[in-house]
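A.B. asks: Dropping in target-v1.tsv, which is TSV, C-alpha atoms:
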chain	number	residue	atom	x	y	z
A	1	MET	CA	-66.31	47.74	34.87
A	2	LEU	CA	-65.00	50.53	37.10
A	3	ASN	CA	-62.12	52.52	35.64
A	4	MET	CA	-59.42	52.09	38.28
A	5	LEU	CA	-56.86	53.98	36.19
A	6	LEU	CA	-58.34	57.34	37.18
A	7	GLU	CA	-57.53	59.40	40.25
A	8	ASP	CA	-61.23	59.41	41.16
A	9	GLN	CA	-63.45	56.42	40.59
A	10	ALA	CA	-67.18	56.85	39.98
A	11	GLY	CA	-68.04	56.75	43.68
A	12	ASP	CA	-65.61	59.58	44.43
A	13	VAL	CA	-67.30	61.75	41.80
A	14	LEU	CA	-70.72	61.00	43.25
A	15	LYS	CA	-69.56	61.94	46.76
A	16	LYS	CA	-68.01	65.20	45.55
A	17	PHE	CA	-71.16	66.22	43.72
A	18	ARG	CA	-73.42	65.35	46.63
A	19	TYR	CA	-71.11	67.32	48.97
A	20	GLY	CA	-71.13	70.31	46.64
A	21	ARG	CA	-74.89	70.19	46.11
A	22	LYS	CA	-75.48	70.00	49.88
A	23	LYS	CA	-77.70	66.94	49.58
A	24	SER	CA	-78.07	64.05	52.01
A	25	LEU	CA	-78.14	60.42	50.97
A	26	LYS	CA	-81.82	60.39	51.87
A	27	GLU	CA	-82.57	63.38	49.63
A	28	VAL	CA	-80.71	61.93	46.67
A	29	SER	CA	-82.36	58.54	47.16
A	30	GLY	CA	-85.81	60.11	47.25
A	31	GLU	CA	-85.21	62.14	44.10
A	32	SER	CA	-83.40	59.45	42.10
A	33	GLY	CA	-85.37	56.38	43.19
A	34	ILE	CA	-82.11	54.59	44.02
A	35	PRO	CA	-82.25	52.88	47.45
A	36	MET	CA	-80.17	54.71	50.04
A	37	ASP	CA	-78.13	51.62	50.91
A	38	LEU	CA	-77.25	51.05	47.26
A	39	GLU	CA	-76.33	54.71	46.87
A	40	ARG	CA	-74.00	54.42	49.87
A	41	ARG	CA	-72.36	51.34	48.35
A	42	LEU	CA	-71.94	53.11	45.00
A	43	GLU	CA	-70.17	56.02	46.69
A	44	SER	CA	-67.89	53.74	48.71
A	45	GLY	CA	-67.00	51.57	45.72
A	46	GLU	CA	-68.52	48.44	47.27
A	47	SER	CA	-70.94	48.24	44.33
A	48	GLU	CA	-70.31	49.18	40.72
A	49	PRO	CA	-72.79	51.55	39.11
A	50	ASP	CA	-74.25	50.91	35.72
A	51	LYS	CA	-75.18	53.52	33.15
A	52	SER	CA	-78.73	53.91	34.47
A	53	HIS	CA	-77.43	54.68	37.97
A	54	LEU	CA	-75.16	57.44	36.68
A	55	VAL	CA	-77.91	58.91	34.48
A	56	ARG	CA	-80.41	58.99	37.35
A	57	LEU	CA	-77.92	60.40	39.85
A	58	GLY	CA	-76.69	62.91	37.30
A	59	ALA	CA	-80.25	64.17	36.85
A	60	VAL	CA	-80.45	64.82	40.60
A	61	LEU	CA	-76.94	66.14	41.20
A	62	GLY	CA	-76.65	68.16	38.01
A	63	PHE	CA	-74.18	66.42	35.71
A	64	ASP	CA	-74.27	64.44	32.49
A	65	GLY	CA	-74.30	60.86	33.73
A	66	GLU	CA	-74.29	59.40	30.24
A	67	ALA	CA	-71.07	61.24	29.36
A	68	MET	CA	-69.50	60.22	32.69
A	69	GLU	CA	-70.27	56.57	31.95
A	70	THR	CA	-68.21	56.63	28.76
A	71	LEU	CA	-65.01	57.07	30.80
A	72	HIS	CA	-65.70	55.92	34.34
A	73	LEU	CA	-67.05	52.53	33.31
A	74	HIS	CA	-64.63	52.05	30.40
A	75	PRO	CA	-60.92	51.77	31.31
A	76	GLU	CA	-60.03	51.50	27.61
A	77	ALA	CA	-61.22	55.12	27.17
A	78	THR	CA	-58.54	56.49	29.51
A	79	PRO	CA	-56.39	58.94	27.53
A	80	GLU	CA	-52.70	58.32	26.98
A	81	VAL	CA	-51.36	61.85	26.66
A	82	SER	CA	-47.66	62.70	26.54
A	83	PRO	CA	-46.55	66.15	27.70
A	84	PRO	CA	-44.36	68.32	25.45
A	85	PRO	CA	-40.71	67.13	25.36
A	86	HIS	CA	-39.32	69.98	27.48
A	87	LEU	CA	-41.53	68.93	30.41
A	88	ILE	CA	-40.35	66.27	32.84
A	89	PRO	CA	-43.20	65.01	35.02
A	90	VAL	CA	-42.02	63.47	38.29
A	91	ARG	CA	-44.33	61.19	40.26
A	92	GLU	CA	-43.65	61.82	43.92
A	93	ASN	CA	-44.97	59.91	46.91
A	94	TYR	CA	-46.73	61.94	49.57
A	95	GLY	CA	-47.99	59.93	52.51
A	96	GLY	CA	-48.51	56.91	50.29
A	97	TYR	CA	-50.34	58.83	47.57
A	98	ALA	CA	-48.96	59.57	44.12
A	99	VAL	CA	-48.71	63.23	43.20
A	100	TRP	CA	-47.32	64.89	40.08
A	101	CYS	CA	-44.77	67.69	40.06
A	102	THR	CA	-43.19	68.87	36.82
A	103	ILE	CA	-39.80	70.17	35.79
A	104	VAL	CA	-40.00	72.65	32.91
A	105	ARG	CA	-36.74	73.05	30.96
A	106	HIS	CA	-35.99	76.27	29.13
A	107	PRO	CA	-36.19	75.67	25.36
A	108	ALA	CA	-32.91	77.56	24.74
A	109	ASP	CA	-30.96	76.15	27.71
A	110	PRO	CA	-32.03	72.77	29.16
A	111	ARG	CA	-30.04	73.33	32.35
A	112	ARG	CA	-32.35	76.22	33.26
A	113	ALA	CA	-35.59	75.00	34.78
A	114	LEU	CA	-38.80	75.88	36.55
A	115	LEU	CA	-40.63	73.59	38.92
A	116	VAL	CA	-44.42	73.43	38.99
A	117	ASP	CA	-45.52	72.06	42.37
A	118	THR	CA	-43.26	70.05	44.65
A	119	GLY	CA	-44.98	66.77	45.48
A	120	GLY	CA	-44.00	67.49	49.07
A	121	GLY	CA	-40.35	67.93	48.15
A	122	GLY	CA	-39.43	64.27	48.42
A	123	SER	CA	-36.35	62.29	47.45
A	124	ILE	CA	-37.50	61.35	43.93
A	125	LEU	CA	-37.68	64.97	42.87
A	126	LEU	CA	-34.43	65.89	44.63
A	127	GLU	CA	-32.60	63.06	42.91
A	128	THR	CA	-34.03	64.01	39.51
A	129	ILE	CA	-32.92	67.64	39.85
A	130	ALA	CA	-29.43	66.55	40.94
A	131	ARG	CA	-29.06	63.89	38.22
A	132	LEU	CA	-30.00	66.33	35.46
A	133	ARG	CA	-27.86	69.10	37.02
A	134	LEU	CA	-30.67	71.58	36.77
A	135	GLY	CA	-30.73	75.11	38.03
A	136	ILE	CA	-34.20	75.78	39.42
A	137	GLU	CA	-35.02	79.42	38.73
A	138	ALA	CA	-38.49	79.53	40.31
A	139	ILE	CA	-41.11	77.31	41.91
A	140	LEU	CA	-44.69	77.78	40.74
A	141	LEU	CA	-47.32	76.44	43.15
A	142	THR	CA	-50.84	75.74	41.93
A	143	HIS	CA	-52.16	75.85	45.50
A	144	GLY	CA	-51.07	75.63	49.10
A	145	HIS	CA	-51.76	72.03	50.10
A	146	GLY	CA	-48.73	70.18	51.44
A	147	ASP	CA	-48.62	67.61	48.66
A	148	HIS	CA	-48.29	70.43	46.13
A	149	GLY	CA	-46.20	73.02	47.95
A	150	GLY	CA	-44.62	71.32	50.93
A	151	GLY	CA	-40.84	71.08	51.17
A	152	PHE	CA	-40.19	73.72	48.54
A	153	ALA	CA	-37.32	75.36	50.45
A	154	ARG	CA	-35.14	72.24	50.40
A	155	LEU	CA	-35.46	72.04	46.63
A	156	LEU	CA	-33.85	75.45	46.10
A	157	PRO	CA	-30.13	76.21	45.88
A	158	GLY	CA	-30.54	79.39	47.94
A	159	ASP	CA	-33.05	81.78	49.43
A	160	ASN	CA	-33.10	84.19	46.52
A	161	ILE	CA	-35.27	82.05	44.21
A	162	PRO	CA	-38.85	83.28	43.67
A	163	VAL	CA	-41.71	81.10	44.85
A	164	LEU	CA	-45.14	81.81	43.38
A	165	LEU	CA	-48.15	81.29	45.65
A	166	SER	CA	-51.41	83.22	45.89
A	167	HIS	CA	-52.17	85.27	48.99
A	168	GLY	CA	-55.33	83.24	49.56
A	169	ASP	CA	-53.41	79.99	49.99
A	170	ARG	CA	-50.45	81.16	52.06
A	171	PRO	CA	-52.19	80.33	55.37
A	172	LEU	CA	-52.46	76.72	54.12
A	173	LEU	CA	-48.68	76.37	53.79
A	174	PRO	CA	-46.81	77.39	56.98
A	175	GLU	CA	-43.50	77.01	55.17
A	176	ALA	CA	-44.42	79.96	52.96
A	177	GLU	CA	-44.50	82.45	55.81
A	178	GLN	CA	-41.07	81.29	56.94
A	179	TYR	CA	-39.39	81.57	53.56
A	180	PRO	CA	-36.85	84.43	53.56
A	181	GLY	CA	-36.70	84.71	49.78
A	182	PRO	CA	-39.07	86.37	47.32
A	183	LEU	CA	-42.57	85.01	47.86
A	184	LEU	CA	-44.60	86.42	44.97
A	185	THR	CA	-48.17	86.26	43.81
A	186	PRO	CA	-48.50	84.20	40.64
A	187	GLU	CA	-49.15	87.36	38.64
A	188	GLU	CA	-46.04	89.10	40.01
A	189	GLY	CA	-44.01	85.95	39.47
A	190	CYS	CA	-45.07	85.54	35.84
A	191	GLU	CA	-44.01	89.13	35.13
A	192	ARG	CA	-40.60	88.46	36.68
A	193	LEU	CA	-40.23	85.22	34.74
A	194	GLU	CA	-41.00	87.04	31.50
A	195	ARG	CA	-38.07	89.39	32.21
A	196	MET	CA	-35.95	86.26	32.72
A	197	GLY	CA	-36.87	84.87	29.30
A	198	TRP	CA	-39.75	82.57	30.25
A	199	LYS	CA	-43.26	82.58	28.82
A	200	VAL	CA	-45.73	81.70	31.56
A	201	SER	CA	-49.30	82.90	32.06
A	202	VAL	CA	-51.60	82.30	35.01
A	203	MET	CA	-55.34	82.06	35.60
A	204	GLU	CA	-57.06	82.20	38.96
A	205	THR	CA	-59.14	79.05	39.59
A	206	PRO	CA	-60.58	79.28	43.14
A	207	GLY	CA	-62.81	76.52	44.46
A	208	HIS	CA	-60.61	73.61	45.51
A	209	THR	CA	-58.78	76.16	47.64
A	210	PRO	CA	-59.38	79.92	47.87
A	211	GLY	CA	-56.21	80.73	45.94
A	212	SER	CA	-55.88	77.90	43.42
A	213	VAL	CA	-54.37	78.89	40.08
A	214	ALA	CA	-53.45	77.24	36.77
A	215	TYR	CA	-50.27	77.99	34.81
A	216	HIS	CA	-50.01	77.83	31.03
A	217	ILE	CA	-46.60	77.06	29.56
A	218	ASP	CA	-46.09	76.23	25.87
A	219	GLY	CA	-49.29	74.30	25.22
A	220	ALA	CA	-49.52	72.65	28.64
A	221	LEU	CA	-51.88	73.74	31.39
A	222	PHE	CA	-50.87	72.93	34.97
A	223	VAL	CA	-54.15	72.73	36.84
A	224	GLY	CA	-53.19	71.26	40.23
A	225	ASP	CA	-56.32	69.81	41.81
A	226	THR	CA	-58.74	72.12	40.01
A	227	LEU	CA	-59.33	69.43	37.39
A	228	PHE	CA	-58.52	65.73	37.05
A	229	CYS	CA	-58.98	63.37	34.17
A	230	GLY	CA	-62.69	62.61	34.55
A	231	SER	CA	-63.10	64.50	37.83
A	232	ALA	CA	-61.90	67.40	39.99
A	233	GLY	CA	-60.55	67.98	43.48
A	234	ARG	CA	-63.17	68.39	46.18
A	235	SER	CA	-64.35	71.95	46.65
A	236	ASP	CA	-62.98	73.72	49.72
A	237	THR	CA	-66.51	73.96	51.17
A	238	PRO	CA	-69.96	73.22	49.74
A	239	ASP	CA	-70.41	76.97	49.28
A	240	ALA	CA	-67.25	76.99	47.12
A	241	PHE	CA	-68.64	74.35	44.76
A	242	PRO	CA	-70.32	76.79	42.33
A	243	VAL	CA	-67.14	78.87	42.42
A	244	GLN	CA	-65.16	75.76	41.48
A	245	LEU	CA	-67.50	74.95	38.60
A	246	ASP	CA	-67.14	78.50	37.33
A	247	SER	CA	-63.35	78.22	37.54
A	248	ILE	CA	-63.37	74.98	35.56
A	249	HIS	CA	-65.69	76.43	32.94
A	250	ARG	CA	-63.48	79.52	32.48
A	251	LEU	CA	-60.38	77.37	32.38
A	252	ILE	CA	-61.47	75.03	29.62
A	253	SER	CA	-63.04	77.91	27.69
A	254	GLY	CA	-59.84	79.93	27.72
A	255	PHE	CA	-57.49	77.62	25.81
A	256	PRO	CA	-57.50	75.51	22.62
A	257	SER	CA	-59.03	72.06	22.89
A	258	VAL	CA	-55.66	70.40	22.12
A	259	THR	CA	-54.12	71.90	25.28
A	260	VAL	CA	-52.50	69.23	27.46
A	261	LEU	CA	-53.78	69.16	31.04
A	262	ILE	CA	-51.21	68.31	33.71
A	263	SER	CA	-53.17	67.56	36.87
A	264	GLY	CA	-51.82	67.04	40.35
A	265	HIS	CA	-52.99	63.42	40.35
A	266	GLY	CA	-54.02	60.80	37.83
A	267	PRO	CA	-53.60	60.53	34.06
A	268	PHE	CA	-52.77	63.52	31.90
A	269	SER	CA	-55.49	64.58	29.52
A	270	THR	CA	-56.52	67.31	27.07
A	271	ILE	CA	-59.27	69.88	27.15
A	272	ALA	CA	-61.00	68.06	24.26
A	273	GLN	CA	-60.99	64.80	26.21
A	274	GLU	CA	-62.41	66.39	29.35
A	275	MET	CA	-65.11	68.20	27.36
A	276	ARG	CA	-66.36	64.78	26.27
A	277	HIS	CA	-66.32	62.89	29.55
A	278	ASN	CA	-65.76	65.04	32.64
A	279	PRO	CA	-68.94	65.51	34.73
A	280	PHE	CA	-67.51	68.69	36.30
A	281	ILE	CA	-67.48	70.19	32.81
A	282	ARG	CA	-70.62	68.51	31.54
A	283	VAL	CA	-72.78	69.96	34.30
A	284	ARG	CA	-76.49	70.43	33.81
A	285	GLU	CA	-77.53	73.74	35.23
A	286	LYS	CA	-78.13	77.27	34.01
A	287	GLY	CA	-74.94	78.95	32.86
A	288	PHE	CA	-72.91	75.76	32.56
A	289	ALA	CA	-74.12	74.02	29.42
A	290	PRO	CA	-71.57	71.52	28.07
A	291	CYS	CA	-69.05	73.27	25.85
A	292	GLU	CA	-69.10	72.55	22.14
A	293	ASN	CA	-66.04	71.41	20.22
A	294	ARG	CA	-63.75	74.18	19.11
A	295	PRO	CA	-60.20	74.49	17.68
Represent the structure of the file as structure tokens.
C.D. replies:
Amino acid sequence: MLNMLLEDQAGDVLKKFRYGRKKSLKEVSGESGIPMDLERRLESGESEPDKSHLVRLGAVLGFDGEAMETLHLHPEATPEVSPPPHLIPVRENYGGYAVWCTIVRHPADPRRALLVDTGGGGSILLETIARLRLGIEAILLTHGHGDHGGGFARLLPGDNIPVLLSHGDRPLLPEAEQYPGPLLTPEEGCERLERMGWKVSVMETPGHTPGSVAYHIDGALFVGDTLFCGSAGRSDTPDAFPVQLDSIHRLISGFPSVTVLISGHGPFSTIAQEMRHNPFIRVREKGFAPCENRP
């Protein structure tokens, strides 16, 4: 049974790996022994894979198909992870697609808040900020796609609020170049936030976009589209795919396994959960052996 609770179903993962590995349907069919028409139907979701399909395709595309099967063909294995209580995830609607943005309340003053990603700056988020009477002190963008950074200016009470966005992603978000307020790199922004009484760290995670980053705040890791529950955002180009895999490997190696992962789409998870099931972590190639369990 396909796990429809995930952001990416099995076919989406197969397409992303084939794209990143620069392989045609014909090449994968020849190497896996799976008929090309069936492979096309598996990628489109018209046919459901079984474990043997995922194992054979994983051997060709370089991921652990057996581990992938334990989540992607088992909806009951989908994690039910709650974020820490000072985080308020808001599910926005961007062009008909659900996207997460998160309000982070200051532990000493719940009216003070940060916003991680904007969901396009829609009405649900605006209403939530107004209802809770929050003062947004900064907006932290994981990357420059419109569903994650669009509309940020209308969420701010003025033009003196810092917005954190990497140089590499500013061309992706035209609104950024028009913002008259402080537009900071994530590193600069985290230093400023520390002076304001916040504890935020950042890690560069290029691959999905050139300037993707992840923010760590009090046991939660905001990863944007770098990593999903059971999958990852598509790499910016096929040449960026190994860069993306390296980013994911560094990300999950840099924090405790209990760390909560807040992705841009789909269910929340933990590093431990993704180490067990995620094919983008359980890759099979030199330098990317599956990580072992750790505290």
A.B. asks: For A:Leu193, which residue among A:Val28, A:Leu114, A:Leu6, A:Leu57 is the nearest when counting only C-alpha atoms?
C.D. replies: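 Smallest separation from A:Leu193 among the options: A:Leu114.
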A.B. asks: Go through A:Pro75, A:Glu188, A:Arg21, A:Leu42 and flag the residue nearest A:Leu2, using all atoms listed in the file for the distances.
C.D. replies: A:Pro75
A.B. asks: So which residues touch stretch 168-173 of chain A within 9 Å, counting all atoms listed in the file, skipping near sequence neighbours fewer than 4 positions away, as a PyMOL selection string?
C.D. replies: chain A and resi 143-146+149-150+177+209-212
A.B. asks: I need the residue nearest A:Glu27 from this list: A:Pro84, A:His148, A:Leu134, A:Val60. Use all atoms listed in the file for the distance.
C.D. replies: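 Smallest distance to A:Glu27 is found for A:Val60.
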A.B. asks: Between atom CA of A:Ser52 and atom CA of A:Thr270, what distance in Å does the model show, to one decimal?
C.D. replies: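 Computing it gives 27.0 Å between the two atoms.
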A.B. asks: For atom CA of A:Glu274 and atom CA of A:Arg91, quote the distance in Å rounded to one decimal.
C.D. replies: 21.7 Å
A.B. asks: For A:Gly266, which residue out of A:Ser231, A:Asn160, A:Thr237, A:Ser47 is the nearest one, using all atoms listed in the file?
C.D. replies: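 Ranked by minimum distance to A:Gly266, first place goes to A:Ser231.
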A.B. asks: Kindly indicate which residue among A:Gly254, A:Pro279, A:Glu137, A:Val200 lies nearest to A:Leu54, using all atoms listed in the file for the distances.
C.D. replies: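 Among A:Gly254, A:Pro279, A:Glu137, A:Val200, it is A:Pro279 that comes nearest to A:Leu54.
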A.B. asks: Atom CA of A:Phe152 and atom CA of A:Tyr94, how far apart in Å?
C.D. replies: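 Here the two named atoms are 13.5 Å from each other.
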A.B. asks: Excluding A:His74 and any residue of its chain fewer than 5 positions from it, enumerate the residues within 10 Å of it, using all atoms listed in the file, and give them as a PDB file with C-alpha atoms, in the frame of the given file.
C.D. replies:
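Saved the output as part.pdb:
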ATOM      1  CA  MET A   1     -66.310  47.740  34.870  1.00  0.00           C
ATOM      2  CA  LEU A   2     -65.000  50.530  37.100  1.00  0.00           C
ATOM      3  CA  ASN A   3     -62.120  52.520  35.640  1.00  0.00           C
ATOM      4  CA  MET A   4     -59.420  52.090  38.280  1.00  0.00           C
ATOM      5  CA  LEU A   5     -56.860  53.980  36.190  1.00  0.00           C
ATOM      6  CA  MET A  68     -69.500  60.220  32.690  1.00  0.00           C
ATOM      7  CA  GLU A  69     -70.270  56.570  31.950  1.00  0.00           C
TER       8      GLU A  69
END
A.B. asks: Rank nothing, just name the residue among A:Gln244, A:Ser44, A:Thr205, A:Thr118 nearest to A:Asp147, using only C-alpha atoms.
C.D. replies: A:Thr118
A.B. asks: Just the residues within 9 Å of A:Arg111, please, counting all atoms listed in the file, with nothing from its chain fewer than 3 positions along; format it as a PyMOL selection string.
C.D. replies: chain A and resi 105-106+132-136
A.B. asks: Missing atoms in stretch 113-148 of chain A: fill them in up to N, CA and C atoms and send the result as a short mmCIF file (atom, residue, chain, number, x, y, z; two decimals), in the coordinates of the input.
C.D. replies:
data_model
loop_
_atom_site.label_atom_id
_atom_site.label_comp_id
_atom_site.auth_asym_id
_atom_site.auth_seq_id
_atom_site.Cartn_x
_atom_site.Cartn_y
_atom_site.Cartn_z
N ALA A 113 -34.32 75.70 34.57
CA ALA A 113 -35.59 75.00 34.78
C ALA A 113 -36.49 75.73 35.76
N LEU A 114 -37.78 75.51 35.58
CA LEU A 114 -38.80 75.88 36.55
C LEU A 114 -39.36 74.59 37.14
N LEU A 115 -39.97 74.72 38.30
CA LEU A 115 -40.63 73.59 38.92
C LEU A 115 -42.06 73.98 39.23
N VAL A 116 -43.01 73.20 38.70
CA VAL A 116 -44.42 73.43 38.99
C VAL A 116 -44.87 72.39 40.01
N ASP A 117 -45.15 72.87 41.21
CA ASP A 117 -45.52 72.06 42.37
C ASP A 117 -44.33 71.19 42.82
N THR A 118 -44.42 70.70 44.03
CA THR A 118 -43.26 70.05 44.65
C THR A 118 -43.48 68.59 45.02
N GLY A 119 -44.73 68.14 45.03
CA GLY A 119 -44.98 66.77 45.48
C GLY A 119 -44.58 66.53 46.92
N GLY A 120 -44.46 67.60 47.69
CA GLY A 120 -44.00 67.49 49.07
C GLY A 120 -42.49 67.59 49.21
N GLY A 121 -41.81 67.76 48.09
CA GLY A 121 -40.35 67.93 48.15
C GLY A 121 -39.59 66.68 48.53
N GLY A 122 -40.03 65.54 48.03
CA GLY A 122 -39.43 64.27 48.42
C GLY A 122 -38.17 63.91 47.67
N SER A 123 -37.65 62.72 47.96
CA SER A 123 -36.35 62.29 47.45
C SER A 123 -36.35 62.05 45.94
N ILE A 124 -37.47 61.62 45.37
CA ILE A 124 -37.50 61.35 43.93
C ILE A 124 -37.24 62.63 43.15
N LEU A 125 -37.87 63.70 43.56
CA LEU A 125 -37.68 64.97 42.87
C LEU A 125 -36.27 65.52 43.11
N LEU A 126 -35.79 65.44 44.33
CA LEU A 126 -34.43 65.89 44.63
C LEU A 126 -33.40 65.15 43.79
N GLU A 127 -33.55 63.86 43.69
CA GLU A 127 -32.60 63.06 42.91
C GLU A 127 -32.67 63.40 41.43
N THR A 128 -33.88 63.66 40.93
CA THR A 128 -34.03 64.01 39.51
C THR A 128 -33.35 65.34 39.20
N ILE A 129 -33.55 66.33 40.05
CA ILE A 129 -32.92 67.64 39.85
C ILE A 129 -31.40 67.51 39.87
N ALA A 130 -30.88 66.72 40.83
CA ALA A 130 -29.43 66.55 40.94
C ALA A 130 -28.87 65.78 39.74
N ARG A 131 -29.56 64.72 39.32
CA ARG A 131 -29.06 63.89 38.22
C ARG A 131 -28.98 64.68 36.92
N LEU A 132 -29.96 65.55 36.69
CA LEU A 132 -30.00 66.33 35.46
C LEU A 132 -29.21 67.64 35.58
N ARG A 133 -28.66 67.90 36.77
CA ARG A 133 -27.86 69.10 37.02
C ARG A 133 -28.60 70.37 36.61
N LEU A 134 -29.81 70.47 37.13
CA LEU A 134 -30.67 71.58 36.77
C LEU A 134 -30.52 72.74 37.74
N GLY A 135 -30.65 73.92 37.21
CA GLY A 135 -30.73 75.11 38.03
C GLY A 135 -32.17 75.58 38.11
N ILE A 136 -32.80 75.38 39.25
CA ILE A 136 -34.20 75.78 39.42
C ILE A 136 -34.26 77.29 39.61
N GLU A 137 -34.97 77.97 38.71
CA GLU A 137 -35.02 79.42 38.73
C GLU A 137 -36.28 79.97 39.39
N ALA A 138 -37.27 79.13 39.60
CA ALA A 138 -38.49 79.53 40.31
C ALA A 138 -39.32 78.30 40.58
N ILE A 139 -40.14 78.37 41.62
CA ILE A 139 -41.11 77.31 41.91
C ILE A 139 -42.50 77.92 41.81
N LEU A 140 -43.34 77.30 40.99
CA LEU A 140 -44.69 77.78 40.74
C LEU A 140 -45.66 76.82 41.42
N LEU A 141 -46.41 77.30 42.40
CA LEU A 141 -47.32 76.44 43.15
C LEU A 141 -48.75 76.69 42.70
N THR A 142 -49.45 75.61 42.35
CA THR A 142 -50.84 75.74 41.93
C THR A 142 -51.76 76.04 43.11
N HIS A 143 -51.40 75.54 44.29
CA HIS A 143 -52.16 75.85 45.50
C HIS A 143 -51.34 75.45 46.72
N GLY A 144 -51.88 75.71 47.90
CA GLY A 144 -51.07 75.63 49.10
C GLY A 144 -51.16 74.35 49.90
N HIS A 145 -51.75 73.29 49.37
CA HIS A 145 -51.76 72.03 50.10
C HIS A 145 -50.36 71.42 50.15
N GLY A 146 -50.08 70.69 51.21
CA GLY A 146 -48.73 70.18 51.44
C GLY A 146 -48.21 69.27 50.36
N ASP A 147 -49.10 68.51 49.71
CA ASP A 147 -48.62 67.61 48.66
C ASP A 147 -48.28 68.35 47.38
N HIS A 148 -48.60 69.63 47.31
CA HIS A 148 -48.29 70.43 46.13
C HIS A 148 -47.26 71.51 46.40
#
